[in-house]
$ cat entry_19.txt   # compact mmCIF, C-alpha atoms
# COMPACT_ATOMS: atom_id res chain seq x y z
CA MET T 1 -12.21 -54.38 8.81
CA THR T 2 -14.67 -51.95 10.43
CA ALA T 3 -11.97 -50.48 12.65
CA THR T 4 -9.78 -49.85 9.58
CA LEU T 5 -12.62 -48.05 7.77
CA ILE T 6 -13.29 -45.94 10.84
CA TRP T 7 -9.60 -44.95 11.06
CA ILE T 8 -9.52 -44.10 7.36
CA LEU T 9 -12.65 -41.99 7.78
CA VAL T 10 -11.17 -40.23 10.83
CA VAL T 11 -7.97 -39.46 8.89
CA LEU T 12 -9.93 -38.16 5.90
CA VAL T 13 -12.09 -35.96 8.13
CA ALA T 14 -8.97 -34.62 9.89
CA ILE T 15 -7.35 -33.82 6.53
CA GLY T 16 -10.57 -32.15 5.37
CA VAL T 17 -10.77 -30.04 8.53
CA TYR T 18 -7.12 -29.03 8.19
CA LEU T 19 -7.55 -28.06 4.51
CA SER T 20 -10.72 -26.15 5.34
CA TRP T 21 -8.91 -24.28 8.13
CA THR T 22 -6.04 -23.46 5.75
CA ALA T 23 -8.46 -22.22 3.08
CA GLY T 24 -10.18 -20.03 5.68
CA ARG T 25 -6.85 -18.63 6.81
CA LEU T 26 -5.91 -17.86 3.21
CA ASP T 27 -9.26 -16.17 2.69
CA ARG T 28 -8.73 -14.00 5.78
CA LEU T 29 -5.28 -13.04 4.48
CA HIS T 30 -6.80 -12.03 1.15
CA VAL T 31 -9.41 -9.92 2.95
CA ARG T 32 -6.66 -8.30 5.05
CA MET T 33 -4.66 -7.65 1.89
CA ASP T 34 -7.67 -6.06 0.16
CA ALA T 35 -8.34 -3.83 3.16
CA ALA T 36 -4.68 -2.79 3.29
CA ARG T 37 -4.77 -2.01 -0.44
CA ALA T 38 -7.86 0.14 0.02
CA ALA T 39 -6.13 2.04 2.83
CA LEU T 40 -3.03 2.48 0.68
CA ASP T 41 -5.13 3.76 -2.23
CA ALA T 42 -6.86 6.23 0.10
CA GLN T 43 -3.54 7.54 1.43
CA LEU T 44 -2.06 7.86 -2.06
CA LEU T 45 -5.15 9.71 -3.25
CA ARG T 46 -5.04 11.99 -0.21
CA ARG T 47 -1.38 12.78 -0.80
CA ALA T 48 -1.97 13.55 -4.49
CA SER T 49 -5.04 15.67 -3.70
CA VAL T 50 -3.25 17.73 -1.07
CA ALA T 51 -0.25 18.20 -3.37
CA GLN T 52 -2.52 19.25 -6.24
CA GLU T 53 -4.42 21.65 -3.98
CA LEU T 54 -1.16 23.17 -2.75
CA ALA T 55 0.14 23.49 -6.32
CA THR T 56 -2.97 25.46 -7.37
CA SER T 57 -3.13 27.62 -4.22
CA GLY T 58 -0.65 30.20 -5.46
CA VAL T 59 1.71 29.94 -2.50
CA LEU T 60 4.44 28.18 -4.52
CA ASP T 61 6.50 29.76 -7.26
CA PRO T 62 5.16 29.03 -10.77
CA ALA T 63 7.79 26.44 -11.72
CA ALA T 64 7.31 24.47 -8.50
CA SER T 65 3.53 24.69 -8.91
CA ILE T 66 3.70 23.24 -12.42
CA VAL T 67 6.04 20.40 -11.42
CA LEU T 68 3.96 19.49 -8.39
CA TYR T 69 0.61 19.82 -10.19
CA GLU T 70 1.66 17.66 -13.13
CA ALA T 71 3.09 14.94 -10.90
CA ALA T 72 0.00 14.92 -8.64
CA HIS T 73 -2.34 14.89 -11.64
CA ALA T 74 -0.41 12.03 -13.24
CA ALA T 75 -0.55 10.05 -9.97
CA ARG T 76 -4.32 10.53 -9.68
CA GLN T 77 -4.99 9.60 -13.32
CA ALA T 78 -2.51 6.72 -13.67
CA GLU T 79 -3.73 3.32 -14.82
CA GLU T 80 -3.09 0.45 -12.40
CA GLU T 81 -0.07 -0.79 -14.40
CA GLN T 82 1.59 2.64 -14.25
CA ARG T 83 0.52 3.62 -10.74
CA GLU T 84 3.75 2.70 -8.96
CA VAL T 85 5.81 4.79 -11.38
CA ALA T 86 3.44 7.77 -11.18
CA GLU T 87 3.40 7.68 -7.38
CA SER T 88 7.21 7.46 -7.31
CA GLU T 89 7.39 10.49 -9.59
CA LEU T 90 5.09 12.39 -7.23
CA SER T 91 7.43 11.52 -4.35
CA GLN T 92 10.37 12.83 -6.38
CA ALA T 93 8.47 16.01 -7.25
CA LEU T 94 7.63 16.56 -3.57
CA ARG T 95 11.30 16.14 -2.64
CA ALA T 96 12.32 18.54 -5.42
CA VAL T 97 9.81 21.22 -4.41
CA PHE T 98 10.19 20.84 -0.64
CA GLY T 99 13.86 19.86 -0.58
CA GLU T 100 14.91 23.05 1.19
CA PRO T 101 13.57 24.13 4.59
CA ALA T 102 13.39 27.69 3.24
CA GLN T 103 10.73 26.63 0.71
CA VAL T 104 8.64 25.00 3.44
CA GLU T 105 8.92 28.12 5.61
CA ALA T 106 7.92 30.34 2.67
CA VAL T 107 4.79 28.24 2.18
CA ARG T 108 4.01 28.35 5.92
CA GLU T 109 4.20 32.15 5.94
CA ALA T 110 1.62 32.46 3.15
CA PRO T 111 -2.05 32.80 4.14
CA GLY T 112 -3.35 29.29 4.79
CA GLY T 113 0.13 27.89 4.29
CA GLU T 114 0.55 26.48 7.78
CA GLU T 115 -2.56 24.32 7.35
CA ALA T 116 -1.50 23.22 3.85
CA VAL T 117 1.97 22.20 5.01
CA ARG T 118 0.52 20.33 7.99
CA GLU T 119 -1.90 18.39 5.75
CA LEU T 120 0.83 17.56 3.25
CA ALA T 121 3.24 16.48 6.00
CA GLU T 122 0.58 14.15 7.44
CA ALA T 123 -0.15 12.72 4.00
CA VAL T 124 3.49 12.01 3.14
CA ARG T 125 4.05 10.37 6.56
CA ARG T 126 1.07 8.04 6.19
CA VAL T 127 1.89 6.71 2.71
CA PRO T 128 4.97 4.67 3.78
CA MET T 129 3.03 3.17 6.70
CA ALA T 130 0.08 2.20 4.50
CA ARG T 131 2.43 0.72 1.90
CA ARG T 132 4.26 -1.26 4.60
CA PHE T 133 0.97 -2.68 5.95
CA HIS T 134 -0.10 -3.64 2.43
CA ASN T 135 3.21 -5.28 1.58
CA ASP T 136 3.23 -7.17 4.90
CA ALA T 137 -0.24 -8.56 4.12
CA VAL T 138 0.92 -9.48 0.60
CA GLY T 139 3.98 -11.23 2.03
CA ALA T 140 1.90 -13.29 4.45
CA ALA T 141 -0.52 -14.33 1.71
CA ARG T 142 2.36 -15.20 -0.63
CA ARG T 143 4.07 -17.35 1.98
CA LEU T 144 0.90 -19.33 2.58
CA ARG T 145 0.12 -19.64 -1.13
CA GLU T 146 3.57 -21.08 -1.81
CA HIS T 147 2.88 -24.13 0.38
CA ARG T 148 2.39 -27.35 -1.57
CA LYS T 149 -0.93 -28.16 0.09
CA VAL T 150 -2.36 -24.81 -1.10
CA ARG T 151 -1.16 -25.36 -4.66
CA TRP T 152 -2.08 -29.05 -4.89
CA PHE T 153 -5.59 -28.61 -3.53
CA ARG T 154 -6.07 -25.20 -5.21
CA LEU T 155 -7.12 -23.62 -1.93
CA ALA T 156 -6.56 -20.11 -3.32
CA GLY T 157 -9.30 -20.61 -5.88
CA HIS T 158 -9.14 -18.12 -8.72
CA ALA T 159 -7.68 -15.27 -6.69
CA PRO T 160 -4.78 -13.57 -8.46
CA PHE T 161 -1.33 -14.02 -6.98
CA PRO T 162 -0.75 -11.08 -4.60
CA LEU T 163 1.70 -8.41 -5.74
CA ALA T 164 3.49 -5.94 -3.52
CA PHE T 165 3.22 -2.21 -4.22
CA GLU T 166 6.76 -1.00 -4.84
CA MET T 167 7.33 2.72 -5.07
CA ASP T 168 9.63 5.49 -3.93
CA ASP T 169 7.85 6.83 -0.85
CA GLU T 170 10.71 8.75 0.74
CA PRO T 171 9.19 11.98 2.11
CA PRO T 172 10.94 15.34 1.76
CA ALA T 173 13.16 15.75 4.80
CA ALA T 174 12.37 19.45 5.16
CA LEU T 175 8.66 18.72 5.24
CA VAL T 176 8.58 15.96 7.86
CA GLU T 177 11.43 17.03 10.13
CA ARG T 178 9.96 20.21 11.44
CA PRO T 179 11.82 21.84 14.30
CA SER T 180 9.39 22.65 17.12
$ encode --input "entry_19.txt" --output "structure tokens"
Amino acid sequence: MTATLIWILVVLVAIGVYLSWTAGRLDRLHVRMDAARAALDAQLLRRASVAQELATSGVLDPAASIVLYEAAHAARQAEEEQREVAESELSQALRAVFGEPAQVEAVREAPGGEEAVRELAEAVRRVPMARRFHNDAVGAARRLREHRKVRWFRLAGHAPFPLAFEMDDEPPAALVERPS
């Protein structure tokens, strides 16, 4: 009788340790996901800020300046529910404005243009990487949260189900493929 109770206690402790370890792992994934989202937000804000600064600098033609400024402003001011759409529209505006290598070269030749193009090129290259890191963290958290043990024992607590950030982040080819 005593041996049976000891074995039951050992099994219960082992299950408790396993569930605790799983809950800790899930918590670490949520922290990683939050950090990746903060990095993504920073890169999106940087891209919109650089685009807005370039649009107001006077080195672009007026039509391109208006298109780029409005898209960058909309991306910076977008509510969370509309953010993916606004960021996609900024990507489209960047491709429209910097679709031709001649436009990029015209901006480079303007005073301060080389620095502005370099900053924008860095910003548009970093957004897809930040989005990929965020979506990878979301995918890992989702896979763990879909396990029965996580659902049955409510190991995720009250944390919202993680959502990927889906947007058009294709950079303008003329901007990122600079011949050296």
$ residues_near_point --input "entry_19.txt" --point "(1.8, 18.7, 8.1)" --cutoff "12 Å" --atoms "only C-alpha atoms" --output "number ranges by chain"
T: 47, 50-51, 104, 107-108, 113-126, 171-172, 174-178
$ write_last_selection --input "entry_19.txt" --atoms "C-alpha atoms" --output "compact mmCIF listing (two decimals), in the coordinates of the input"
# COMPACT_ATOMS: atom_id res chain seq x y z
CA ARG T 47 -1.38 12.78 -0.80
CA VAL T 50 -3.25 17.73 -1.07
CA ALA T 51 -0.25 18.20 -3.37
CA VAL T 104 8.64 25.00 3.44
CA VAL T 107 4.79 28.24 2.18
CA ARG T 108 4.01 28.35 5.92
CA GLY T 113 0.13 27.89 4.29
CA GLU T 114 0.55 26.48 7.78
CA GLU T 115 -2.56 24.32 7.35
CA ALA T 116 -1.50 23.22 3.85
CA VAL T 117 1.97 22.20 5.01
CA ARG T 118 0.52 20.33 7.99
CA GLU T 119 -1.90 18.39 5.75
CA LEU T 120 0.83 17.56 3.25
CA ALA T 121 3.24 16.48 6.00
CA GLU T 122 0.58 14.15 7.44
CA ALA T 123 -0.15 12.72 4.00
CA VAL T 124 3.49 12.01 3.14
CA ARG T 125 4.05 10.37 6.56
CA ARG T 126 1.07 8.04 6.19
CA PRO T 171 9.19 11.98 2.11
CA PRO T 172 10.94 15.34 1.76
CA ALA T 174 12.37 19.45 5.16
CA LEU T 175 8.66 18.72 5.24
CA VAL T 176 8.58 15.96 7.86
CA GLU T 177 11.43 17.03 10.13
CA ARG T 178 9.96 20.21 11.44
$ closest_residue --input "entry_19.txt" --among "T:Ala36, T:Val150, T:Ala23, T:Ala102" --to "Met129 in chain T" --atoms "only C-alpha atoms"
T:Ala36
$ atom_distance --input "entry_19.txt" --atom1 "CA of Lys149 in chain T" --atom2 "CA of Phe133 in chain T"
26.2 Å
$ residues_near_point --input "entry_19.txt" --point "(0.8, 12.2, -7.0)" --cutoff "8 Å" --atoms "only C-alpha atoms" --output "list in words"
Leu44, Leu45, Arg47, Ala48, Ser49, Ala51, Gln52, Ala71, Ala72, His73, Ala74, Ala75, Arg76, Ala86, Glu87, Ser88, Glu89, Leu90 and Ser91 of chain T
$ closest_residue --input "entry_19.txt" --among "T:Val17, T:Val127, T:Leu144, T:His158" --to "Leu40 in chain T" --atoms "only C-alpha atoms"
T:Val127
$ atom_distance --input "entry_19.txt" --atom1 "CA of Thr56 in chain T" --atom2 "CA of Pro111 in chain T"
13.7 Å
$ atom_distance --input "entry_19.txt" --atom1 "CA of His134 in chain T" --atom2 "CA of Ala93 in chain T"
23.5 Å
$ closest_residue --input "entry_19.txt" --among "T:Ala164, T:Val10, T:Ala106, T:Ala141" --to "Gly58 in chain T" --atoms "only C-alpha atoms"
T:Ala106
$ axis_aligned_box --input "entry_19.txt" --around "range 59-74 of chain T" --padding-each-side "3 Å" --output "lines of an AutoDock Vina configuration file"
center_x = 2.7
center_y = 21.0
center_z = -7.9
size_x = 16.1
size_y = 23.9
size_z = 16.7
$ closest_residue --input "entry_19.txt" --among "T:His147, T:Ile6, T:Met33, T:Gly16" --to "Pro160 in chain T" --atoms "all atoms listed in the file"
T:Met33
$ closest_residue --input "entry_19.txt" --among "T:Ile8, T:Ala39, T:Phe161, T:Gly112" --to "Glu53 in chain T" --atoms "all atoms listed in the file"
T:Gly112
$ decode --input "entry_19.txt" --residues "range 16-30 of chain T" --atoms "all heavy atoms" --output "short mmCIF file (atom, residue, chain, number, x, y, z; two decimals), in the first residue's frame"
data_model
loop_
_atom_site.label_atom_id
_atom_site.label_comp_id
_atom_site.auth_asym_id
_atom_site.auth_seq_id
_atom_site.Cartn_x
_atom_site.Cartn_y
_atom_site.Cartn_z
N GLY T 16 3.86 17.05 -12.75
CA GLY T 16 3.92 18.46 -12.35
C GLY T 16 5.17 19.16 -12.85
O GLY T 16 5.12 20.29 -13.34
N VAL T 17 6.31 18.47 -12.73
CA VAL T 17 7.58 19.04 -13.21
C VAL T 17 7.52 19.22 -14.74
O VAL T 17 7.94 20.26 -15.26
CB VAL T 17 8.77 18.15 -12.79
CG1 VAL T 17 10.04 18.54 -13.53
CG2 VAL T 17 8.97 18.23 -11.30
N TYR T 18 7.01 18.24 -15.43
CA TYR T 18 6.90 18.33 -16.89
C TYR T 18 5.98 19.48 -17.31
O TYR T 18 6.31 20.26 -18.21
CB TYR T 18 6.40 17.00 -17.47
CG TYR T 18 6.22 17.04 -18.96
CD1 TYR T 18 7.33 17.09 -19.81
CD2 TYR T 18 4.95 17.03 -19.53
CE1 TYR T 18 7.17 17.14 -21.18
CE2 TYR T 18 4.79 17.09 -20.90
CZ TYR T 18 5.90 17.13 -21.73
OH TYR T 18 5.74 17.19 -23.09
N LEU T 19 4.84 19.62 -16.66
CA LEU T 19 3.91 20.71 -16.99
C LEU T 19 4.53 22.06 -16.65
O LEU T 19 4.36 23.03 -17.40
CB LEU T 19 2.58 20.52 -16.27
CG LEU T 19 1.72 19.35 -16.76
CD1 LEU T 19 0.48 19.20 -15.90
CD2 LEU T 19 1.35 19.52 -18.22
N SER T 20 5.25 22.13 -15.55
CA SER T 20 5.92 23.37 -15.17
C SER T 20 6.98 23.74 -16.20
O SER T 20 7.12 24.90 -16.59
CB SER T 20 6.54 23.23 -13.79
OG SER T 20 7.27 24.37 -13.46
N TRP T 21 7.75 22.75 -16.64
CA TRP T 21 8.77 22.98 -17.67
C TRP T 21 8.12 23.46 -18.96
O TRP T 21 8.61 24.39 -19.60
CB TRP T 21 9.56 21.69 -17.91
CG TRP T 21 10.55 21.81 -19.01
CD1 TRP T 21 11.79 22.37 -18.95
CD2 TRP T 21 10.36 21.38 -20.36
NE1 TRP T 21 12.39 22.30 -20.19
CE2 TRP T 21 11.53 21.70 -21.06
CE3 TRP T 21 9.33 20.74 -21.04
CZ2 TRP T 21 11.70 21.41 -22.41
CZ3 TRP T 21 9.49 20.46 -22.38
CH2 TRP T 21 10.66 20.79 -23.05
N THR T 22 7.00 22.86 -19.35
CA THR T 22 6.30 23.26 -20.56
C THR T 22 5.76 24.68 -20.44
O THR T 22 5.86 25.46 -21.38
CB THR T 22 5.16 22.27 -20.87
OG1 THR T 22 5.71 20.95 -20.99
CG2 THR T 22 4.45 22.63 -22.16
N ALA T 23 5.21 25.02 -19.28
CA ALA T 23 4.71 26.37 -19.07
C ALA T 23 5.85 27.39 -19.12
O ALA T 23 5.70 28.47 -19.69
CB ALA T 23 3.98 26.46 -17.74
N GLY T 24 6.99 27.05 -18.57
CA GLY T 24 8.16 27.92 -18.65
C GLY T 24 8.64 28.11 -20.08
O GLY T 24 9.01 29.21 -20.49
N ARG T 25 8.65 27.03 -20.83
CA ARG T 25 9.04 27.10 -22.24
C ARG T 25 8.08 28.00 -23.01
O ARG T 25 8.50 28.83 -23.83
CB ARG T 25 9.06 25.69 -22.83
CG ARG T 25 9.47 25.64 -24.26
CD ARG T 25 9.68 24.20 -24.72
NE ARG T 25 9.75 24.16 -26.16
CZ ARG T 25 9.02 23.38 -26.93
NH1 ARG T 25 8.18 22.53 -26.38
NH2 ARG T 25 9.14 23.42 -28.22
N LEU T 26 6.80 27.85 -22.76
CA LEU T 26 5.80 28.68 -23.43
C LEU T 26 5.98 30.15 -23.04
O LEU T 26 5.88 31.04 -23.89
CB LEU T 26 4.40 28.20 -23.07
CG LEU T 26 3.24 28.88 -23.78
CD1 LEU T 26 3.36 28.72 -25.29
CD2 LEU T 26 1.92 28.29 -23.30
N ASP T 27 6.27 30.38 -21.78
CA ASP T 27 6.51 31.76 -21.34
C ASP T 27 7.73 32.36 -22.05
O ASP T 27 7.70 33.51 -22.49
CB ASP T 27 6.70 31.80 -19.83
CG ASP T 27 6.84 33.21 -19.31
OD1 ASP T 27 5.94 34.04 -19.59
OD2 ASP T 27 7.85 33.50 -18.64
N ARG T 28 8.80 31.59 -22.17
CA ARG T 28 9.99 32.07 -22.88
C ARG T 28 9.68 32.36 -24.34
O ARG T 28 10.20 33.33 -24.91
CB ARG T 28 11.13 31.07 -22.75
CG ARG T 28 11.74 31.02 -21.35
CD ARG T 28 12.99 30.17 -21.29
NE ARG T 28 12.78 28.78 -21.70
CZ ARG T 28 12.33 27.81 -20.91
NH1 ARG T 28 12.02 28.09 -19.66
NH2 ARG T 28 12.20 26.59 -21.36
N LEU T 29 8.85 31.53 -24.96
CA LEU T 29 8.46 31.78 -26.35
C LEU T 29 7.64 33.06 -26.47
O LEU T 29 7.81 33.83 -27.43
CB LEU T 29 7.67 30.60 -26.91
CG LEU T 29 8.48 29.36 -27.25
CD1 LEU T 29 7.57 28.20 -27.63
CD2 LEU T 29 9.44 29.67 -28.40
N HIS T 30 6.77 33.31 -25.50
CA HIS T 30 6.00 34.56 -25.52
C HIS T 30 6.91 35.77 -25.33
O HIS T 30 6.72 36.81 -25.98
CB HIS T 30 4.90 34.54 -24.46
CG HIS T 30 3.69 33.78 -24.90
ND1 HIS T 30 3.18 32.74 -24.19
CD2 HIS T 30 2.89 33.92 -25.98
CE1 HIS T 30 2.12 32.26 -24.82
NE2 HIS T 30 1.92 32.95 -25.91
#
